[in-house]
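Undergrad: Quick one: the structure is below, questions incoming.
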Amino acid sequence: MIYSKATIKSISESIGIPRLKDGITTAMAQDVEYRLHEIIVEAAKFMHHSRRTKLTVGDINRALRVRNVEPVYGFESGRPSKFHRATTGIDDDVFYVDDEMIDLDAALDEALPSVPPSVAYTAHWLAIEGVQPRIQQNPVEAGPDAQVGAKRQNTGNGADAVETILEVKHVLSKELQLYYECITESLRSSDSVVRATAVSSIAADAGIHQLVTYFVQYVATTVKSNLRNVDTLTTALAVARAVRTNPHLFVEPYMHQLIPSLLTCVVSRQLGEPGSSAHWALRDNAAEQVSEICKQFGQVYHTLQPRVARTLLRAFLDPTKPLSTHYGAITGLTALGTSVVRVLLLPNMRTYMALLDVEMEKQEEEARMCQNALVRALRKLAEHYEDEVGLSHMQKHRLAEVVGTTLAGVVYEDPQAGKIMGAVAAAVAETKMSNQE
């Protein structure tokens, strides 16, 4: 028997039952052995179903629950149990596990362990177009044969030597280098046909995915250094649109680099030479592209459009900004859609028109452009509004309470005046209901 009669007698004496008969101890030992065998067989089933070859304490506890036996309480230890021989008057050996004595005073004086950080998830790019970004989350192979990655350079002597990790160079084939040089040279050409041909090549070529980052950088550099040249900025915006619309290119990772350049063309203080009026169309073009990006990637990046709208609204509400910036902000907010016009532009039109009425006498052209941009925003608001209201003085007065007297007079003469007044009244009513809720 695995479980001896001497062990049964030792346990019975420890609980106050001395001098058990041999027949009783033999029967109890056999029953204990049978119960142990039953529990082990049941635990082995859990082990096999878990596709493991090592029996664990958890398997034993599950087997005990299946047999309606109270499981063993405690915790698993990574250290193996040490058995010691007990000195008894019985001929058979009795072993026990030595329990470690813990000094409570010493345990209370020990420093508390640091609080573990809360569980969080972050996202990063494993690879972009087959190239693994060299960031902390992505491991870099290190070895004498690894030629891809950063080169190391030692500077200094002895203990003061500093190891510098050089940046990874993006290797391009000679064909792509020649293509990029020809494209950029064509984009700087004074011939509009040559520039259009280069832009159309970017928009349709299927083998230039490695040049996406270079074209995005080209747009950023061109916008930053040519704010006084409208033709060059127009070409840069055409390149941005071509890169985005090329169906063979994956441009999502580069949008955060492209949007600042486009917003610069929307709300920059001055574009082109002083006195030139060519920058209005440039701002419209840039605002349209920002709207297209928000529609294309807004489902993936939920904070993209709110951040863009917040930037444009800040420029619109800043009275220290020039009217050209206000025009770009109004155009950009209008391009973002009807809901943006209703929530952000419409509640601020009356206050803004008070400022614009003063500027109308000083800067008539720029103030007129801002006024026309506000009218276009109201037309945008009325796009999906089918009902029309009558053109009465009462309706004009109600409209003036929302958008100001001057703008209400301009809207009153507009061919879509009935739809605009109805849409404004509906938007105001909807805003009041939402505020009451």
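The way I read the labels, and the way they are meant: chains A, B, ... in the order of the structure tokens, residue 1 as the first residue of every chain, and ligand 1 as the first ligand shown, with later ones counted on from there.
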Which residues, written as a PDB file with C-alpha atoms, in the first residue's frame, have at least one atom at most 10 Å from Leu187 in chain A, with only C-alpha atoms counted and residues fewer than 4 positions away on the same chain left out?
TA:
```pdb
ATOM      1  CA  GLU A 181      14.805  64.290 -59.851  1.00  0.00           C
ATOM      2  CA  CYS A 182      12.949  64.529 -63.175  1.00  0.00           C
ATOM      3  CA  ILE A 183       9.583  65.022 -61.440  1.00  0.00           C
ATOM      4  CA  ASP A 191       5.676  75.620 -68.471  1.00  0.00           C
ATOM      5  CA  SER A 192       2.232  74.718 -67.097  1.00  0.00           C
ATOM      6  CA  VAL A 194       5.175  70.217 -68.076  1.00  0.00           C
ATOM      7  CA  ARG A 195       3.957  70.723 -64.493  1.00  0.00           C
ATOM      8  CA  ALA A 196       0.595  69.144 -65.284  1.00  0.00           C
ATOM      9  CA  THR A 197       2.313  66.147 -66.868  1.00  0.00           C
ATOM     10  CA  ALA A 198       4.466  65.628 -63.768  1.00  0.00           C
ATOM     11  CA  VAL A 199       1.434  65.847 -61.476  1.00  0.00           C
ATOM     12  CA  THR A 232       4.506  77.366 -56.542  1.00  0.00           C
ATOM     13  CA  THR A 235       1.756  73.217 -57.673  1.00  0.00           C
ATOM     14  CA  ALA A 236       2.511  71.909 -54.173  1.00  0.00           C
ATOM     15  CA  ALA A 238      -1.562  69.647 -56.820  1.00  0.00           C
ATOM     16  CA  VAL A 239       1.228  67.265 -55.751  1.00  0.00           C
TER      17      VAL A 239
END
```
Undergrad: Quick one, how far is CA of Ile128 in chain A from CA of Lys295 in chain A?
TA: 22.6 Å
Undergrad: Compile the contact shell of range 317-331 of chain A as a ChimeraX atom specification: residues with an atom at most 7 Å away, counting only C-alpha atoms, same-chain residues fewer than 2 positions apart removed.
TA: /A:266-269,283-284,287,312-315,333-335,366-367,369-370,373-374
Undergrad: So that I have them on file, write out the residues from the current selection with N, CA and C atoms, as a tab-separated table (two decimals), in the first residue's frame.
TA:
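Saved file part29.tsv follows:
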```tsv
chain	number	residue	atom	x	y	z
A	266	VAL	N	-4.46	77.39	-45.82
A	266	VAL	CA	-5.83	77.82	-45.55
A	266	VAL	C	-5.84	79.10	-44.72
A	267	VAL	N	-5.08	79.16	-43.64
A	267	VAL	CA	-5.20	80.26	-42.68
A	267	VAL	C	-3.93	81.08	-42.55
A	268	SER	N	-3.01	80.97	-43.48
A	268	SER	CA	-1.79	81.76	-43.38
A	268	SER	C	-2.11	83.25	-43.46
A	269	ARG	N	-1.32	84.05	-42.79
A	269	ARG	CA	-1.57	85.49	-42.72
A	269	ARG	C	-1.50	86.13	-44.11
A	283	ARG	N	-6.65	79.27	-51.16
A	283	ARG	CA	-7.22	78.90	-49.86
A	283	ARG	C	-8.42	77.97	-50.04
A	284	ASP	N	-9.24	78.24	-51.07
A	284	ASP	CA	-10.37	77.35	-51.34
A	284	ASP	C	-9.90	75.94	-51.68
A	287	ALA	N	-8.62	74.22	-48.49
A	287	ALA	CA	-9.74	73.87	-47.61
A	287	ALA	C	-10.48	72.64	-48.14
A	312	LEU	N	-9.36	75.69	-36.98
A	312	LEU	CA	-10.00	76.70	-37.83
A	312	LEU	C	-10.89	77.63	-37.02
A	313	LEU	N	-11.60	77.10	-36.03
A	313	LEU	CA	-12.46	77.94	-35.20
A	313	LEU	C	-11.64	78.94	-34.39
A	314	ARG	N	-10.49	78.51	-33.91
A	314	ARG	CA	-9.62	79.42	-33.15
A	314	ARG	C	-9.15	80.57	-34.04
A	315	ALA	N	-8.82	80.27	-35.29
A	315	ALA	CA	-8.41	81.34	-36.22
A	315	ALA	C	-9.57	82.26	-36.56
A	333	LEU	N	-14.12	75.67	-42.44
A	333	LEU	CA	-15.23	75.15	-41.63
A	333	LEU	C	-16.43	74.81	-42.50
A	334	THR	N	-16.68	75.62	-43.52
A	334	THR	CA	-17.79	75.33	-44.43
A	334	THR	C	-17.56	74.03	-45.17
A	335	ALA	N	-16.31	73.79	-45.58
A	335	ALA	CA	-16.01	72.57	-46.33
A	335	ALA	C	-16.15	71.32	-45.48
A	366	GLU	N	-11.22	92.55	-48.90
A	366	GLU	CA	-11.09	91.41	-48.00
A	366	GLU	C	-12.34	91.22	-47.16
A	367	ALA	N	-12.95	92.32	-46.70
A	367	ALA	CA	-14.18	92.20	-45.92
A	367	ALA	C	-15.30	91.65	-46.78
A	369	MET	N	-14.95	89.58	-49.30
A	369	MET	CA	-14.69	88.15	-49.49
A	369	MET	C	-15.12	87.35	-48.26
A	370	CYS	N	-14.86	87.88	-47.07
A	370	CYS	CA	-15.30	87.19	-45.85
A	370	CYS	C	-16.82	87.14	-45.78
A	373	ALA	N	-17.98	84.53	-48.08
A	373	ALA	CA	-17.72	83.20	-47.51
A	373	ALA	C	-18.79	82.82	-46.50
A	374	LEU	N	-19.26	83.79	-45.72
A	374	LEU	CA	-20.34	83.51	-44.76
A	374	LEU	C	-21.64	83.18	-45.49
```
Undergrad: Using only C-alpha atoms, determine which residues lie at most 12 Å from Ala377 in chain A, disregarding the query and same-chain residues fewer than 3 positions distant; provide the list as a ChimeraX atom specification.
TA: /A:327,329-346,349,370-374,380-383,403,407,411,420,423-424
Undergrad: If you count only C-alpha atoms, which residues fall within 7 Å of Thr7 in chain A, apart from same-chain ones fewer than 4 positions away, as a PyMOL selection string?
TA: chain A and resi 3+11+94
Undergrad: Residues of the last selection are to be written out with all heavy atoms, as an mmCIF file, in the first residue's frame.
TA:
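Output below, filename part19.cif:
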```cif
data_model
loop_
_atom_site.group_PDB
_atom_site.id
_atom_site.type_symbol
_atom_site.label_atom_id
_atom_site.label_comp_id
_atom_site.auth_asym_id
_atom_site.auth_seq_id
_atom_site.Cartn_x
_atom_site.Cartn_y
_atom_site.Cartn_z
ATOM 1 N N TYR A 3 -0.253 4.233 1.110
ATOM 2 C CA TYR A 3 -0.548 4.924 2.365
ATOM 3 C C TYR A 3 -0.483 3.888 3.478
ATOM 4 O O TYR A 3 -1.352 3.027 3.603
ATOM 5 C CB TYR A 3 -1.949 5.545 2.293
ATOM 6 C CG TYR A 3 -2.057 6.871 3.006
ATOM 7 C CD1 TYR A 3 -1.501 8.020 2.459
ATOM 8 C CD2 TYR A 3 -2.735 6.970 4.216
ATOM 9 C CE1 TYR A 3 -1.616 9.235 3.103
ATOM 10 C CE2 TYR A 3 -2.853 8.173 4.873
ATOM 11 C CZ TYR A 3 -2.285 9.312 4.306
ATOM 12 O OH TYR A 3 -2.385 10.514 4.944
ATOM 13 N N ILE A 11 -1.836 9.996 12.324
ATOM 14 C CA ILE A 11 -2.842 11.041 12.126
ATOM 15 C C ILE A 11 -3.958 10.900 13.148
ATOM 16 O O ILE A 11 -4.454 11.902 13.690
ATOM 17 C CB ILE A 11 -3.390 10.966 10.692
ATOM 18 C CG1 ILE A 11 -2.288 11.297 9.673
ATOM 19 C CG2 ILE A 11 -4.575 11.913 10.509
ATOM 20 C CD1 ILE A 11 -2.703 11.121 8.238
ATOM 21 N N VAL A 94 8.033 8.506 8.962
ATOM 22 C CA VAL A 94 6.998 9.520 8.757
ATOM 23 C C VAL A 94 7.688 10.818 8.340
ATOM 24 O O VAL A 94 8.641 11.254 8.997
ATOM 25 C CB VAL A 94 6.156 9.734 10.038
ATOM 26 C CG1 VAL A 94 5.142 10.855 9.828
ATOM 27 C CG2 VAL A 94 5.461 8.443 10.435
#
```
Undergrad: Please report the interatomic distance between CA of Lys5 in chain A and CA of Thr25 in chain A in Å with one decimal.
TA: 5.4 Å
Undergrad: I'd like the neighbourhood of Ala29 in chain A as a VMD selection string, where a residue qualifies if any of its atoms comes within 12 Å (using only C-alpha atoms), though same-chain residues fewer than 5 positions away should be ignored.
TA: chain A and resid 1 to 9 11 to 12 22 to 24 34 to 36
Undergrad: Please identify which residues in range 281-320 of chain A DSSP calls helix (DSSP H, G or I) from the backbone, and express them as a ChimeraX atom specification.
TA: /A:281-297,304-317
Undergrad: Please measure the separation of CA of Arg62 in chain A and CA of Val41 in chain A, giving the value in Å to one decimal.
TA: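 Atom-to-atom, CA of Arg62 in chain A to CA of Val41 in chain A, that is 11.7 Å.
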Undergrad: List as a list in words the protein and nucleic acid residues near range 246-261 of chain A, meaning an atom at most 7 Å away when only C-alpha atoms are counted, but skip any in the same chain fewer than 4 places from it.
TA: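 Everything that qualifies: Ala203, Ala204, Ala206, His209, Val216, Ala220, Val223, Ala242, Cys265 and Val290 of chain A.
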Undergrad: Of the candidates A:Glu401, A:Glu110, A:Glu42, A:Asp414, which shows the shortest atom-to-atom distance to Asn348 in chain A, using only C-alpha atoms?
TA: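 Counting only C-alpha atoms, the residue closest to Asn348 in chain A is A:Glu401.
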Undergrad: DSSP on the backbone: which residues in range 108-320 of chain A end up as strand (DSSP E)? Give the answer as an NGL selection string.
TA: :A and (152-155 or 162-165)
Undergrad: Those selected residues, please, written with C-alpha atoms and delivered as a PDB file, in the first residue's frame.
TA:
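The new file out15.pdb reads:
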```pdb
ATOM      1  CA  ARG A 152      27.571  52.801 -34.903  1.00  0.00           C
ATOM      2  CA  GLN A 153      30.330  55.320 -34.616  1.00  0.00           C
ATOM      3  CA  ASN A 154      32.687  55.674 -31.655  1.00  0.00           C
ATOM      4  CA  THR A 155      33.989  59.099 -30.751  1.00  0.00           C
ATOM      5  CA  VAL A 162      30.643  57.958 -26.824  1.00  0.00           C
ATOM      6  CA  GLU A 163      28.758  55.594 -29.070  1.00  0.00           C
ATOM      7  CA  THR A 164      26.638  57.446 -31.638  1.00  0.00           C
ATOM      8  CA  ILE A 165      23.847  55.714 -33.535  1.00  0.00           C
TER       9      ILE A 165
END
```
Undergrad: Which one of A:Thr87, A:Pro347, A:Glu430, A:Pro113 sits closest to Leu399 in chain A if you count only C-alpha atoms?
TA: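 Among A:Thr87, A:Pro347, A:Glu430, A:Pro113, it is A:Pro347 that comes nearest to Leu399 in chain A.
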